[in-house]
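Colleague: My structure file model.cif, mmCIF, C-alpha atoms and all ligand atoms, is below:
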data_work
loop_
_atom_site.label_atom_id
_atom_site.label_comp_id
_atom_site.auth_asym_id
_atom_site.auth_seq_id
_atom_site.Cartn_x
_atom_site.Cartn_y
_atom_site.Cartn_z
CA MET Y 1 118.92 -288.67 126.99
CA PRO Y 2 121.92 -287.79 124.83
CA ILE Y 3 121.26 -285.39 122.01
CA THR Y 4 122.58 -286.62 118.68
CA ILE Y 5 123.65 -283.96 116.24
CA PRO Y 6 123.49 -285.21 112.65
CA PRO Y 7 126.80 -284.95 110.83
CA GLY Y 8 127.05 -282.09 108.36
CA CYS Y 9 127.05 -282.39 104.58
CA PRO Y 10 130.21 -284.34 103.60
CA GLU Y 11 130.73 -282.70 100.21
CA GLU Y 12 133.46 -280.18 99.45
CA SER Y 13 132.73 -276.67 100.71
CA LEU Y 14 131.29 -274.18 98.21
CA ARG Y 15 132.35 -271.15 100.25
CA PRO Y 16 134.63 -268.93 98.12
CA SER Y 17 136.95 -268.56 101.13
CA ALA Y 18 137.16 -272.30 101.85
CA SER Y 19 140.55 -273.93 101.92
CA GLN Y 20 141.28 -276.87 99.64
CA GLY Y 21 139.55 -280.04 100.77
CA GLU Y 22 137.43 -278.23 103.39
CA LEU Y 23 134.13 -279.98 103.88
CA CYS Y 24 130.73 -278.32 103.51
CA GLY Y 25 129.33 -279.23 106.96
CA ALA Y 26 125.94 -277.62 106.27
CA ILE Y 27 122.75 -279.07 107.68
CA PRO Y 28 121.72 -282.06 105.53
CA ALA Y 29 118.46 -281.87 103.58
CA VAL Y 30 118.30 -285.21 101.71
CA ASP Y 31 120.54 -288.28 102.11
CA GLY Y 32 123.20 -286.32 103.97
CA GLY Y 33 123.54 -283.63 101.28
CA CYS Y 34 122.70 -280.01 101.99
CA LEU Y 35 120.41 -277.88 99.81
CA ALA Y 36 123.36 -276.62 97.77
CA HIS Y 37 124.70 -280.11 97.12
CA LEU Y 38 121.51 -281.87 95.99
CA SER Y 39 121.16 -282.97 92.38
CA PRO Y 40 118.63 -280.90 90.41
CA ASP Y 41 116.08 -283.74 90.72
CA GLN Y 42 116.65 -284.17 94.45
CA LEU Y 43 116.32 -280.42 94.99
CA GLN Y 44 113.13 -280.18 92.98
CA ALA Y 45 111.55 -283.10 94.86
CA HIS Y 46 112.66 -281.74 98.23
CA LEU Y 47 111.30 -278.25 97.57
CA ALA Y 48 108.02 -279.72 96.30
CA ASP Y 49 107.63 -281.52 99.65
CA LEU Y 50 107.93 -278.29 101.67
CA ALA Y 51 104.62 -276.75 102.62
CA PRO Y 52 104.12 -272.99 102.84
CA GLY Y 53 104.98 -271.94 106.37
CA ALA Y 54 107.45 -274.81 106.83
CA ASP Y 55 110.45 -273.98 108.99
CA ILE Y 56 113.60 -273.11 107.07
CA ASP Y 57 116.69 -274.89 108.33
CA ALA Y 58 119.60 -273.77 106.18
CA HIS Y 59 122.44 -273.70 108.71
CA GLY Y 60 125.77 -273.40 106.89
CA VAL Y 61 124.31 -273.64 103.37
CA VAL Y 62 126.07 -271.72 100.57
CA PHE Y 63 123.36 -269.98 98.54
CA THR Y 64 123.26 -268.55 95.06
CA ALA Y 65 120.46 -266.03 94.51
CA ASP Y 66 118.55 -268.64 92.52
CA LEU Y 67 118.73 -271.30 95.25
CA LEU Y 68 117.45 -268.81 97.83
CA GLN Y 69 114.58 -267.71 95.60
CA ARG Y 70 113.51 -271.30 95.06
CA LEU Y 71 113.63 -272.04 98.80
CA LEU Y 72 111.68 -268.89 99.65
CA ARG Y 73 109.03 -269.66 97.03
CA ALA Y 74 108.62 -273.18 98.44
CA THR Y 75 108.25 -272.08 102.07
CA ALA Y 76 106.22 -268.87 101.80
CA ASP Y 77 102.60 -268.43 101.00
CA ARG Y 78 101.50 -265.59 98.74
CA SER Y 79 101.88 -263.07 101.55
CA LEU Y 80 105.62 -263.87 101.78
CA GLU Y 81 105.31 -265.05 105.37
CA PHE Y 82 107.94 -267.32 106.83
CA GLY Y 83 107.99 -269.45 109.99
CA ASN Y 84 111.20 -270.20 111.88
CA ALA Y 85 114.11 -269.33 109.64
CA ASP Y 86 117.63 -270.52 110.43
CA PHE Y 87 120.25 -269.13 108.06
CA SER Y 88 122.99 -269.22 110.69
CA GLU Y 89 126.50 -269.61 109.24
CA ALA Y 90 125.03 -269.59 105.72
CA THR Y 91 126.88 -267.78 102.93
CA PHE Y 92 125.18 -265.83 100.15
CA THR Y 93 127.54 -265.60 97.18
CA GLU Y 94 125.31 -263.28 95.13
CA ARG Y 95 123.13 -260.30 95.96
CA VAL Y 96 119.92 -261.55 97.61
CA SER Y 97 116.65 -260.00 98.69
CA PHE Y 98 114.20 -260.64 101.52
CA SER Y 99 112.41 -257.42 100.64
CA GLY Y 100 108.77 -257.26 101.74
CA ALA Y 101 108.90 -260.59 103.58
CA THR Y 102 107.55 -261.20 107.07
CA PHE Y 103 109.41 -263.46 109.46
CA THR Y 104 106.65 -264.57 111.85
CA LYS Y 105 108.92 -266.61 114.17
CA ASP Y 106 112.60 -266.58 115.10
CA ALA Y 107 114.96 -265.40 112.37
CA SER Y 108 118.61 -266.39 112.75
CA PHE Y 109 121.34 -264.90 110.59
CA ASP Y 110 123.96 -265.66 113.25
CA HIS Y 111 127.47 -265.63 111.64
CA THR Y 112 125.84 -265.36 108.19
CA THR Y 113 127.92 -263.90 105.35
CA PHE Y 114 126.42 -261.70 102.66
CA LEU Y 115 129.17 -261.37 100.05
CA LYS Y 116 127.41 -259.26 97.41
CA GLY Y 117 124.84 -257.25 99.30
CA VAL Y 118 121.39 -257.92 100.70
CA SER Y 119 118.05 -256.19 100.87
CA PHE Y 120 115.76 -256.42 103.89
CA SER Y 121 113.85 -253.32 102.80
CA ASP Y 122 110.29 -253.27 104.20
CA THR Y 123 110.92 -256.65 105.82
CA THR Y 124 109.08 -257.35 109.07
CA PHE Y 125 110.49 -259.39 111.95
CA THR Y 126 107.78 -260.15 114.51
CA GLU Y 127 110.01 -262.22 116.85
CA PRO Y 128 113.66 -261.73 117.87
CA ALA Y 129 116.07 -261.47 114.96
CA VAL Y 130 119.73 -262.40 115.32
CA PHE Y 131 122.53 -261.11 113.10
CA ILE Y 132 125.34 -261.73 115.62
CA ARG Y 133 128.78 -261.56 113.93
CA ALA Y 134 127.16 -261.47 110.50
CA GLY Y 135 129.29 -260.11 107.66
CA PHE Y 136 127.71 -257.56 105.32
CA SER Y 137 129.54 -256.54 102.15
CA GLU Y 138 128.51 -254.24 99.33
CA SER Y 139 125.00 -252.77 99.40
CA THR Y 140 123.13 -253.51 102.64
CA ASP Y 141 119.56 -252.23 102.64
CA PHE Y 142 117.33 -252.30 105.76
CA THR Y 143 115.27 -249.25 104.77
CA GLY Y 144 111.75 -249.42 106.17
CA ALA Y 145 112.44 -252.67 108.03
CA ARG Y 146 110.26 -253.29 111.09
CA PHE Y 147 111.51 -255.15 114.14
CA THR Y 148 108.76 -255.76 116.69
CA ALA Y 149 111.15 -257.55 119.09
CA ASP Y 150 114.88 -257.16 119.76
CA VAL Y 151 117.35 -257.35 116.91
CA ASP Y 152 120.96 -258.18 117.74
CA PHE Y 153 123.82 -257.25 115.41
CA ALA Y 154 126.52 -257.72 118.09
CA GLY Y 155 129.96 -258.03 116.54
CA ALA Y 156 128.66 -257.77 112.97
CA ALA Y 157 130.86 -256.22 110.28
CA PHE Y 158 129.45 -253.77 107.74
CA THR Y 159 132.33 -253.36 105.31
CA ASP Y 160 130.46 -251.09 102.90
CA GLY Y 161 128.04 -249.29 105.20
CA ALA Y 162 124.31 -249.95 105.42
CA ASP Y 163 121.06 -248.04 105.19
CA PHE Y 164 118.52 -248.44 108.02
CA SER Y 165 116.58 -245.28 107.17
CA CYS Y 166 112.90 -245.29 108.21
CA ALA Y 167 113.41 -248.54 110.12
CA ALA Y 168 111.30 -249.07 113.24
CA PHE Y 169 112.60 -250.99 116.26
CA SER Y 170 109.94 -251.70 118.91
CA GLY Y 171 112.53 -253.44 121.09
CA GLY Y 172 116.27 -253.09 121.34
CA ALA Y 173 118.48 -252.34 118.35
CA LEU Y 174 121.74 -253.83 119.51
CA PHE Y 175 124.82 -252.82 117.52
CA SER Y 176 127.34 -253.46 120.29
CA GLY Y 177 130.85 -254.20 119.04
CA VAL Y 178 129.97 -253.76 115.37
CA ARG Y 179 132.58 -252.66 112.85
CA VAL Y 180 131.48 -250.11 110.25
CA GLU Y 181 133.35 -249.10 107.13
CA GLY Y 182 131.67 -246.94 104.51
CA ARG Y 183 128.50 -245.00 105.25
CA MET Y 184 125.94 -246.21 107.77
CA ARG Y 185 122.62 -244.37 108.00
CA LEU Y 186 119.81 -244.72 110.51
CA MET Y 187 117.71 -241.72 109.47
CA ALA Y 188 114.15 -241.14 110.68
CA CYS Y 189 114.22 -244.25 112.86
CA ALA Y 190 112.07 -245.03 115.86
CA VAL Y 191 113.76 -247.21 118.41
CA GLN Y 192 113.13 -248.30 121.98
CA GLU Y 193 116.74 -248.97 122.99
CA LEU Y 194 119.72 -248.12 120.80
CA VAL Y 195 123.00 -249.76 121.83
CA TRP Y 196 126.30 -249.03 120.08
CA SER Y 197 128.64 -249.84 122.95
CA GLY Y 198 132.16 -250.78 121.86
CA ALA Y 199 131.41 -250.17 118.17
CA ARG Y 200 134.31 -249.26 115.87
CA ILE Y 201 133.34 -246.77 113.17
CA SER Y 202 135.97 -246.20 110.51
CA GLY Y 203 133.44 -244.88 108.01
CA GLU Y 204 130.61 -242.41 108.54
CA LEU Y 205 127.69 -242.91 110.90
CA GLU Y 206 124.55 -240.80 110.64
CA VAL Y 207 121.75 -241.40 113.14
CA GLU Y 208 118.54 -239.41 113.40
CA ALA Y 209 116.22 -241.25 115.73
CA ALA Y 210 113.61 -241.07 118.43
CA ALA Y 211 114.99 -243.36 121.11
CA ALA Y 212 113.90 -244.12 124.68
CA ARG Y 213 117.38 -245.29 125.76
CA VAL Y 214 120.78 -244.89 124.10
CA ASP Y 215 124.10 -246.50 125.01
CA LEU Y 216 127.17 -245.21 123.17
CA SER Y 217 129.77 -246.24 125.73
CA GLY Y 218 133.21 -247.05 124.36
CA VAL Y 219 132.42 -246.19 120.74
CA ARG Y 220 135.56 -245.51 118.70
CA ALA Y 221 135.16 -243.43 115.57
CA SER Y 222 137.79 -242.17 113.15
CA GLU Y 223 135.43 -240.37 110.75
CA ARG Y 224 132.32 -238.25 111.03
CA VAL Y 225 129.61 -239.38 113.43
CA ASP Y 226 126.44 -237.36 113.24
CA LEU Y 227 123.90 -238.13 115.95
CA ARG Y 228 120.54 -236.43 116.22
CA LEU Y 229 118.64 -238.15 118.97
CA ARG Y 230 115.45 -237.24 120.74
CA GLY Y 231 113.47 -239.01 123.44
CA ALA Y 232 110.81 -241.44 122.36
ZN ZN A 1 126.71 -279.18 101.31
#
Would you mind writing the file's structure down as structure tokens?
Modeller:
Amino acid sequence: MPITIPPGCPEESLRPSASQGELCGAIPAVDGGCLAHLSPDQLQAHLADLAPGADIDAHGVVFTADLLQRLLRATADRSLEFGNADFSEATFTERVSFSGATFTKDASFDHTTFLKGVSFSDTTFTEPAVFIRAGFSESTDFTGARFTADVDFAGAAFTDGADFSCAAFSGGALFSGVRVEGRMRLMACAVQELVWSGARISGELEVEAAAARVDLSGVRASERVDLRLRGA
């Protein structure tokens, strides 16, 4: 049976980097319009219909901090637990926070752009988390984050560093092919498998971790890299 993919939101793109006339293309929420393009009434009605624990499907949506907060409030119960969360190719135009949340199913931030910083401090991911080719700018905070399955940052760009101090990775922490500018810290981390193959570090990288397996093949660094690794 052929799979039909619904057409994306036909409104004009809200991405700051969009060219003139570029269409939004985000996953539609109501009547073809994406979350960011609904009228205030449509948005309110749509969010009221979402039950706590409902899957989040926000592929390609351009979020302000307020829109994200409203979506998170509508889909989380009091414990800040989320089901499947798809933020792939979404853009966050303001600083946003997922601090203290628990993603209980798959979390996709594949090709997601954080333009003004993001906090995942003390956030828990209980299933695989994907940040492939995500773009992180300004303050990126993963301090105390817990990943109980693999997390994949392959090809991601951290243009102003990131702090993963006290993060715990029960599976693989895959940073292969990432680009780091600024200061990246993974201090006091516990990790099963740490992969930095092919990473390009033009800022500073500080890692102090207990790791069962480490792969640093082909890393290129132009500034200070400080690695203190011990077996897990
Ligand atoms: Zn749209």
Colleague: What lies within 9 Å of Thr102 in chain Y using all atoms listed in the file, ignoring chain neighbours under 5 positions off, as a PDB file with C-alpha atoms, keeping the file's coordinate frame?
Modeller:
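The new file out.pdb reads:
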ATOM      1  CA  SER Y  79     101.880-263.070 101.550  1.00  0.00           C
ATOM      2  CA  LEU Y  80     105.620-263.870 101.780  1.00  0.00           C
ATOM      3  CA  GLU Y  81     105.310-265.050 105.370  1.00  0.00           C
ATOM      4  CA  PHE Y  82     107.940-267.320 106.830  1.00  0.00           C
ATOM      5  CA  GLY Y  83     107.990-269.450 109.990  1.00  0.00           C
ATOM      6  CA  ASP Y 122     110.290-253.270 104.200  1.00  0.00           C
ATOM      7  CA  THR Y 123     110.920-256.650 105.820  1.00  0.00           C
ATOM      8  CA  THR Y 124     109.080-257.350 109.070  1.00  0.00           C
ATOM      9  CA  PHE Y 125     110.490-259.390 111.950  1.00  0.00           C
ATOM     10  CA  THR Y 126     107.780-260.150 114.510  1.00  0.00           C
TER      11      THR Y 126
END
Colleague: Which residue gives the smallest distance to ligand ZN 1 (chain A) among Y:Leu14, Y:Ala90, Y:Ala65, Y:Ala51, with all atoms listed in the file counted?
Modeller: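 Result for the nearest residue to ligand ZN 1 (chain A): Y:Leu14.
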Colleague: Could I get the residue neighbourhood of ligand ZN 1 (chain A) at 8 Å, counting all atoms listed in the file, as number ranges by chain?
Modeller: Y: 8-14, 23-28, 33-38, 61-62
Colleague: Quote the spacing between CA of Glu206 in chain Y and CA of Ala149 in chain Y in Å to one decimal place.
Modeller: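 Interatomic distance here is 23.1 Å.
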Colleague: Rank nothing, just name the residue among Y:Ala76, Y:Pro7, Y:Thr159, Y:Ala210 nearest to Gly32 in chain Y, using only C-alpha atoms.
Modeller: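 Smallest separation from Gly32 in chain Y among the options: Y:Pro7.
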Colleague: Grab the CA of Val30 in chain Y to CA of Arg78 in chain Y distance for me, in Å with one decimal place.
Modeller: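 Answer for the CA of Val30 in chain Y to CA of Arg78 in chain Y separation: 26.0 Å.
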Colleague: How would range 181-207 of chain Y look with N, CA and C atoms restored, written as an mmCIF file, in the coordinates of the input?
Modeller:
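Writing done, so here's rebuild_3.cif:
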data_model
loop_
_atom_site.group_PDB
_atom_site.id
_atom_site.type_symbol
_atom_site.label_atom_id
_atom_site.label_comp_id
_atom_site.auth_asym_id
_atom_site.auth_seq_id
_atom_site.Cartn_x
_atom_site.Cartn_y
_atom_site.Cartn_z
ATOM 1 N N GLU Y 181 132.580 -249.828 108.141
ATOM 2 C CA GLU Y 181 133.350 -249.100 107.130
ATOM 3 C C GLU Y 181 132.331 -248.595 106.121
ATOM 4 N N GLY Y 182 132.640 -247.505 105.432
ATOM 5 C CA GLY Y 182 131.670 -246.940 104.510
ATOM 6 C C GLY Y 182 130.654 -246.084 105.260
ATOM 7 N N ARG Y 183 129.484 -245.936 104.715
ATOM 8 C CA ARG Y 183 128.500 -245.000 105.250
ATOM 9 C C ARG Y 183 127.302 -245.747 105.819
ATOM 10 N N MET Y 184 127.052 -245.536 107.096
ATOM 11 C CA MET Y 184 125.940 -246.210 107.770
ATOM 12 C C MET Y 184 124.909 -245.161 108.140
ATOM 13 N N ARG Y 185 123.669 -245.371 107.759
ATOM 14 C CA ARG Y 185 122.620 -244.370 108.000
ATOM 15 C C ARG Y 185 121.446 -244.993 108.730
ATOM 16 N N LEU Y 186 121.050 -244.352 109.818
ATOM 17 C CA LEU Y 186 119.810 -244.720 110.510
ATOM 18 C C LEU Y 186 118.991 -243.434 110.608
ATOM 19 N N MET Y 187 118.446 -242.985 109.501
ATOM 20 C CA MET Y 187 117.710 -241.720 109.470
ATOM 21 C C MET Y 187 116.228 -241.981 109.693
ATOM 22 N N ALA Y 188 115.594 -241.060 110.437
ATOM 23 C CA ALA Y 188 114.150 -241.140 110.680
ATOM 24 C C ALA Y 188 113.743 -242.488 111.265
ATOM 25 N N CYS Y 189 114.522 -242.955 112.233
ATOM 26 C CA CYS Y 189 114.220 -244.250 112.860
ATOM 27 C C CYS Y 189 113.484 -244.038 114.170
ATOM 28 N N ALA Y 190 112.675 -244.992 114.533
ATOM 29 C CA ALA Y 190 112.070 -245.030 115.860
ATOM 30 C C ALA Y 190 112.613 -246.262 116.548
ATOM 31 N N VAL Y 191 113.124 -246.068 117.760
ATOM 32 C CA VAL Y 191 113.760 -247.210 118.410
ATOM 33 C C VAL Y 191 113.562 -247.117 119.920
ATOM 34 N N GLN Y 192 113.316 -248.267 120.542
ATOM 35 C CA GLN Y 192 113.130 -248.300 121.980
ATOM 36 C C GLN Y 192 114.480 -248.140 122.679
ATOM 37 N N GLU Y 193 115.422 -249.010 122.354
ATOM 38 C CA GLU Y 193 116.740 -248.970 122.990
ATOM 39 C C GLU Y 193 117.803 -249.111 121.906
ATOM 40 N N LEU Y 194 118.689 -248.122 121.840
ATOM 41 C CA LEU Y 194 119.720 -248.120 120.800
ATOM 42 C C LEU Y 194 121.077 -248.324 121.477
ATOM 43 N N VAL Y 195 121.742 -249.425 121.158
ATOM 44 C CA VAL Y 195 123.000 -249.760 121.830
ATOM 45 C C VAL Y 195 124.121 -249.862 120.794
ATOM 46 N N TRP Y 196 125.134 -249.011 120.962
ATOM 47 C CA TRP Y 196 126.300 -249.030 120.080
ATOM 48 C C TRP Y 196 127.577 -249.232 120.883
ATOM 49 N N SER Y 197 127.463 -249.763 122.086
ATOM 50 C CA SER Y 197 128.640 -249.840 122.950
ATOM 51 C C SER Y 197 129.759 -250.637 122.283
ATOM 52 N N GLY Y 198 130.972 -250.081 122.382
ATOM 53 C CA GLY Y 198 132.160 -250.780 121.860
ATOM 54 C C GLY Y 198 132.228 -250.854 120.344
ATOM 55 N N ALA Y 199 131.368 -250.112 119.634
ATOM 56 C CA ALA Y 199 131.410 -250.170 118.170
ATOM 57 C C ALA Y 199 132.658 -249.463 117.648
ATOM 58 N N ARG Y 200 133.163 -249.910 116.515
ATOM 59 C CA ARG Y 200 134.310 -249.260 115.870
ATOM 60 C C ARG Y 200 133.843 -248.730 114.525
ATOM 61 N N ILE Y 201 133.840 -247.414 114.389
ATOM 62 C CA ILE Y 201 133.340 -246.770 113.170
ATOM 63 C C ILE Y 201 134.536 -246.199 112.415
ATOM 64 N N SER Y 202 134.901 -246.803 111.301
ATOM 65 C CA SER Y 202 135.970 -246.200 110.510
ATOM 66 C C SER Y 202 135.414 -245.558 109.256
ATOM 67 N N GLY Y 203 134.101 -245.613 109.077
ATOM 68 C CA GLY Y 203 133.440 -244.880 108.010
ATOM 69 C C GLY Y 203 132.635 -243.747 108.614
ATOM 70 N N GLU Y 204 131.491 -243.460 108.035
ATOM 71 C CA GLU Y 204 130.610 -242.410 108.540
ATOM 72 C C GLU Y 204 129.382 -243.031 109.176
ATOM 73 N N LEU Y 205 128.931 -242.445 110.275
ATOM 74 C CA LEU Y 205 127.690 -242.910 110.900
ATOM 75 C C LEU Y 205 126.755 -241.728 111.061
ATOM 76 N N GLU Y 206 125.568 -241.843 110.522
ATOM 77 C CA GLU Y 206 124.550 -240.800 110.640
ATOM 78 C C GLU Y 206 123.326 -241.420 111.302
ATOM 79 N N VAL Y 207 122.931 -240.879 112.441
ATOM 80 C CA VAL Y 207 121.750 -241.400 113.140
ATOM 81 C C VAL Y 207 120.811 -240.241 113.439
#
